[in-house]
Each structure stands twice: as structure tokens, then as C-alpha cells.
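Below: one structure, written as C-alpha cells.
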Amino acid sequence: LRPGRSFIEERIRIYNPTETIRPYYFWNCTAVPNTKGFRFIYPMTLGMDHSGDKFFRWPVDEGKDLTRGTNYQDASSIFAYNCDQDFFGSYNDDLDRGVVAYANHHQLPGKKAWTWGWGGYGTMHQADLTDADGPYNEVQTGPLLTQGEVGRLDPCEAVEWQEWWYPIHGMGGFTFANKDVAARAERNGSRLTLHLMGSAVWKDVSIGLWCPESSGSRPESRANLGPRGTSSLTFDLPPDLARADWFYVELRHAGQRLALFPVPL
């Protein structure tokens with residue numbers, strides 16, 4: 001825990017001090033409330049099962065929205081496949097709060113969505129695992145793609161990485177996040193609405209829009225960001241950005257970049 005920050009920062013190192021090859025296995029697991037408004041936010045297009053044998057389209061597979069907890073009757077797990085983003089997590093529309101996980105996806109590719117479902121099997125097992133805080137789902141990170149894999153460490157070899165977790169609220173979800181900022185971007189024609197929350201307090205943050213293929217004006221606005229509340233602002237897009245298929249949103253504070261992400265992601 002760091003002063004002035006709302007995140008938990010983890011530095012994880014697994015080391016083999018022996019003279020023989022050793023297996024390793026590691027997953028971080030967070031429990032989140034499974035009410036009717038729960039949904040997973042995983043920026044991927046494909047998921048796979050526990051052993052990596054069966055694949056699912058994400059977010060909708062065979063007509064079922066896999067992001068919604070209410071669409072699972074049985075206990076289920078889905079692992080991200082080739083996800084090229086560093087963030088993911090969950091949001092609960094009933095409670096208007098969620099959790100963000102952030103790490104370098106090259107170092108920490110494992111992203112697992114787990115639900116006990118709404119059937120009798122999951123209800124029974126959750127009663128064994130929690131006193132009064134169920135039902136719940138799980139958001140998990142790991143250095144391997146699925147929990148059917150076991151890692152290998154050669155003699156004196158180590159694996160290590162960093163990851164960050166923090167809560168958000170009052171945003172209605174998020175479409176981008178890093179360790180400093182979570183954002184939800186909504187584009188409606190020539191209008192863009194941004195909902196922003198910081199993991200620290202930053203005053204007078206510059207929010208600018210630009211497109212590499214455009215030489216037109218760059219709309220800019222300013223906002224104060226912090227973990228206690230959401231900052232929302234709306235841009236009326238100039239004609240060149242309104243015609244663009246995508247453009248960047250950039251957040252800067254005191255000459256330093258806090259975030260840069262495309263819309264749509």
C-alpha cells in the first residue's frame with residue numbers, strides 16, 4: 001500500500017534455488033459480489049476452457065452474453081486467449097462499483113473469469129466457502145494461460161512481475177484502465193462522453209483528443225481526478241474526428257502522460 005494511492009501493488013517473484021528443475025503454479029484470486037447486475041470486463045475476443053481445449057467467442061457466444069453473471073447456471077471458468085490488453089476486471093451495475101486489475105500482459109497473460117453460477121451446485125459450495133458474503137464470482141490473474149498448465153523453473157531461474165488492483169465506483173463500468181486511471185468512453189455520433197477516475201488525486205488534468213491521420217484541431221478539456229468520485233465530461237467532436245473510425249484520448253498532468261488509449265478500443 002502506498003500513501004496517496006487507492007491501489008494494492010504486488011511485486012511477485014518465484015525462484016528455484018535448487019539444482020533440479022521445479023514446477024511452479026500461481027494464481028491471484030479476488031472475490032466480487034455476484035448480484036443480478038454483475039458483469040465481467042475482459043478486453044478479449046476469444047476465451048478458452050480450463051484445459052485450453054474448447055474456445056468461446058467473447059463477449060457473445062452462441063447467442064449468450066458471457067460477460068453477464070446471470071447467464072451462467074452452472075459453475076464455469078473462461079480464460080483469455082491472446083488478449084493484447086494490460087487491464088481487465090469486473091463491474092456490478094446494481095452496486096455501481098467494480099474492480100480493476102492491471103499488469104503487463106506479456107509478463108502476466110493469464111486472465112480468468114470464474115463464476116459459481118446461479119444453480120444449486122454453486123449455491124451449495126459457496127455456503128461452504130463463505131459465511132455471509134456470498135454469492136460471489138472471481139477475477140483472477142496468473143503467469144500462465146490456463147489453470148491446466150504448470151510452469152517450469154530451471155535451476156536458479158526465477159519469474160517475476162508486478163500487478164496493481166484498485167476499486168472504482170460511480171462509473172457504470174470501464175473501457176480502459178492502467179494503474180493510474182480508469183476510463184469509460186461512450187461515443188454517440190459526433191459526441192464523446194468520458195467518465196474518469198484516478199488511483200491518486202491529480203488536479204487540472206488535461207484531456208485531449210487527436211487522430212494521427214488528421215491535421216485538424218485537437219479538442220481539449222480539463223478535470224480533477226481522484227479515487228473518491230468520478231469526473232465526467234462531454235466533447236462535441238470536430239468534423240475530422242467525427243468522420244474518423246477511431247482517435248486517441250490522452251490524459252496529461254504536469255507534463256507527464258497519465259493515459260493514452262484509442263476510442264473505440
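Convention: chains lettered A, B, ... in C-alpha cells order; per-chain residue numbering from 1; ligands numbered from 1 as shown.
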
I'd like the contact shell of range 92-107 of chain A - 10 Å cut-off, only C-alpha atoms, skipping same-chain residues fewer than 4 positions apart - returned as a ChimeraX atom specification. /A:7-10,30-41,68-69,82-88,111,139-144,159-174,176-182

Limited to C-alpha atoms, could you put the picked residues into a file as a short mmCIF file (atom, residue, chain, number, x, y, z; two decimals), in the first residue's frame?
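Final output, part16.cif:
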data_model
loop_
_atom_site.label_atom_id
_atom_site.label_comp_id
_atom_site.auth_asym_id
_atom_site.auth_seq_id
_atom_site.Cartn_x
_atom_site.Cartn_y
_atom_site.Cartn_z
CA PHE A 7 -4.35 0.61 -5.33
CA ILE A 8 -2.68 -2.52 -3.99
CA GLU A 9 0.67 -3.00 -5.71
CA GLU A 10 2.09 -6.52 -5.82
CA THR A 30 -10.31 -11.86 -5.83
CA ALA A 31 -13.92 -12.42 -4.82
CA VAL A 32 -16.60 -9.98 -6.04
CA PRO A 33 -20.37 -9.95 -5.31
CA ASN A 34 -22.49 -11.96 -7.74
CA THR A 35 -25.73 -9.99 -7.82
CA LYS A 36 -28.03 -9.69 -10.83
CA GLY A 37 -26.06 -6.70 -12.13
CA PHE A 38 -22.65 -8.38 -12.18
CA ARG A 39 -20.55 -8.49 -15.36
CA PHE A 40 -17.01 -9.39 -16.33
CA ILE A 41 -14.98 -6.75 -18.21
CA ARG A 68 -23.20 -11.36 -17.59
CA GLY A 69 -23.19 -13.43 -14.42
CA ASN A 82 -4.30 -13.87 -26.89
CA CYS A 83 -5.61 -10.81 -25.02
CA ASP A 84 -3.39 -7.88 -26.03
CA GLN A 85 -4.51 -5.50 -23.27
CA ASP A 86 -2.98 -4.96 -19.82
CA PHE A 87 -6.25 -4.39 -17.93
CA PHE A 88 -9.41 -6.27 -17.04
CA LYS A 111 -6.89 -13.68 -17.12
CA VAL A 139 -11.46 -12.29 -11.05
CA GLN A 140 -8.07 -13.98 -11.32
CA THR A 141 -4.60 -13.25 -12.74
CA GLY A 142 -1.76 -15.67 -13.43
CA PRO A 143 1.55 -16.04 -15.30
CA LEU A 144 0.22 -19.00 -17.34
CA VAL A 159 9.92 -15.47 -12.86
CA GLU A 160 8.73 -12.10 -11.60
CA TRP A 161 6.21 -9.40 -12.37
CA GLN A 162 4.20 -6.54 -10.91
CA GLU A 163 0.45 -6.07 -10.84
CA TRP A 164 -1.98 -3.49 -9.47
CA TRP A 165 -5.56 -3.80 -8.19
CA TYR A 166 -7.93 -0.98 -7.25
CA PRO A 167 -11.64 -0.28 -6.76
CA ILE A 168 -13.79 2.02 -8.89
CA HIS A 169 -17.32 3.31 -8.41
CA GLY A 170 -19.90 5.61 -9.94
CA MET A 171 -18.60 4.97 -13.48
CA GLY A 172 -21.04 2.45 -14.91
CA GLY A 173 -18.09 0.26 -15.93
CA PHE A 174 -14.80 0.91 -17.74
CA PHE A 176 -9.79 1.27 -20.45
CA ALA A 177 -7.58 1.26 -17.39
CA ASN A 178 -3.97 1.42 -16.32
CA LYS A 179 -2.52 1.70 -12.82
CA ASP A 180 -3.27 5.44 -12.71
CA VAL A 181 -6.63 5.95 -14.43
CA ALA A 182 -9.82 4.04 -15.23
#

If you run DSSP over the backbone, which residues in range 81-245 of chain A end up alpha helix (DSSP H)? Put them as a VMD selection string. chain A and resid 120 to 129 239 to 243

Identify, with DSSP run on backbone atoms, the residues in range 23-253 of chain A assigned to strand (DSSP E or B), and express the list as a count of residues only. 114

Quick one: of A:Thr67, A:Gln147, A:Thr123, A:Thr18, who's nearest to Ser51 in chain A, counting only C-alpha atoms?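 Of A:Thr67, A:Gln147, A:Thr123, A:Thr18, the one nearest Ser51 in chain A is A:Gln147, counting only C-alpha atoms.
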
One number please: CA of His253 in chain A to CA of Arg191 in chain A, in Å, one decimal.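 So the two atoms, CA of His253 in chain A and CA of Arg191 in chain A, lie 24.0 Å apart.
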
Which residues, written as a short mmCIF file (atom, residue, chain, number, x, y, z; two decimals) with N, CA and C atoms, in the first residue's frame, have at least one atom at most 8 Å from Asn16 in chain A, with only C-alpha atoms counted and residues fewer than 3 positions away on the same chain left out?
data_model
loop_
_atom_site.label_atom_id
_atom_site.label_comp_id
_atom_site.auth_asym_id
_atom_site.auth_seq_id
_atom_site.Cartn_x
_atom_site.Cartn_y
_atom_site.Cartn_z
N ILE A 21 15.20 -29.18 -11.91
CA ILE A 21 14.04 -28.49 -12.48
C ILE A 21 12.86 -28.58 -11.51
N ARG A 22 12.14 -27.50 -11.31
CA ARG A 22 10.99 -27.48 -10.40
C ARG A 22 9.77 -26.89 -11.11
N LEU A 153 10.63 -24.09 -13.87
CA LEU A 153 11.77 -23.27 -13.49
C LEU A 153 13.02 -24.13 -13.50
N ASP A 154 13.98 -23.74 -14.32
CA ASP A 154 15.27 -24.42 -14.32
C ASP A 154 16.06 -24.04 -13.06
N PRO A 155 17.14 -24.73 -12.76
CA PRO A 155 17.94 -24.38 -11.58
C PRO A 155 18.35 -22.91 -11.57
N CYS A 156 18.12 -22.25 -10.44
CA CYS A 156 18.46 -20.83 -10.22
C CYS A 156 17.69 -19.88 -11.13
N GLU A 157 16.60 -20.35 -11.75
CA GLU A 157 15.78 -19.48 -12.59
C GLU A 157 14.66 -18.87 -11.76
N ALA A 158 14.18 -17.70 -12.18
CA ALA A 158 13.09 -17.02 -11.49
C ALA A 158 12.14 -16.41 -12.51
#

What lies within 7 Å of Trp246 in chain A using only C-alpha atoms, ignoring chain neighbours under 6 positions off, as a PDB file with N, CA, C and O atoms, in the first residue's frame?
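The new file part-v8.pdb reads:
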ATOM      1  N   PRO A 262      -7.104   4.444 -27.446  1.00  0.00           N
ATOM      2  CA  PRO A 262      -7.954   4.737 -28.609  1.00  0.00           C
ATOM      3  C   PRO A 262      -9.424   4.550 -28.296  1.00  0.00           C
ATOM      4  O   PRO A 262      -9.807   3.770 -27.427  1.00  0.00           O
ATOM      5  N   VAL A 263     -10.256   5.298 -29.026  1.00  0.00           N
ATOM      6  CA  VAL A 263     -11.710   5.136 -28.973  1.00  0.00           C
ATOM      7  C   VAL A 263     -12.195   4.880 -30.389  1.00  0.00           C
ATOM      8  O   VAL A 263     -11.952   5.700 -31.265  1.00  0.00           O
ATOM      9  N   PRO A 264     -12.844   3.734 -30.682  1.00  0.00           N
ATOM     10  CA  PRO A 264     -13.051   2.629 -29.732  1.00  0.00           C
ATOM     11  C   PRO A 264     -11.769   1.857 -29.514  1.00  0.00           C
ATOM     12  O   PRO A 264     -10.857   1.903 -30.331  1.00  0.00           O
TER      13      PRO A 264
END

Enter the distance from CA of Arg243 in chain A to CA of Ser221 in chain A, in Å, rounded to one decimal. 20.5 Å
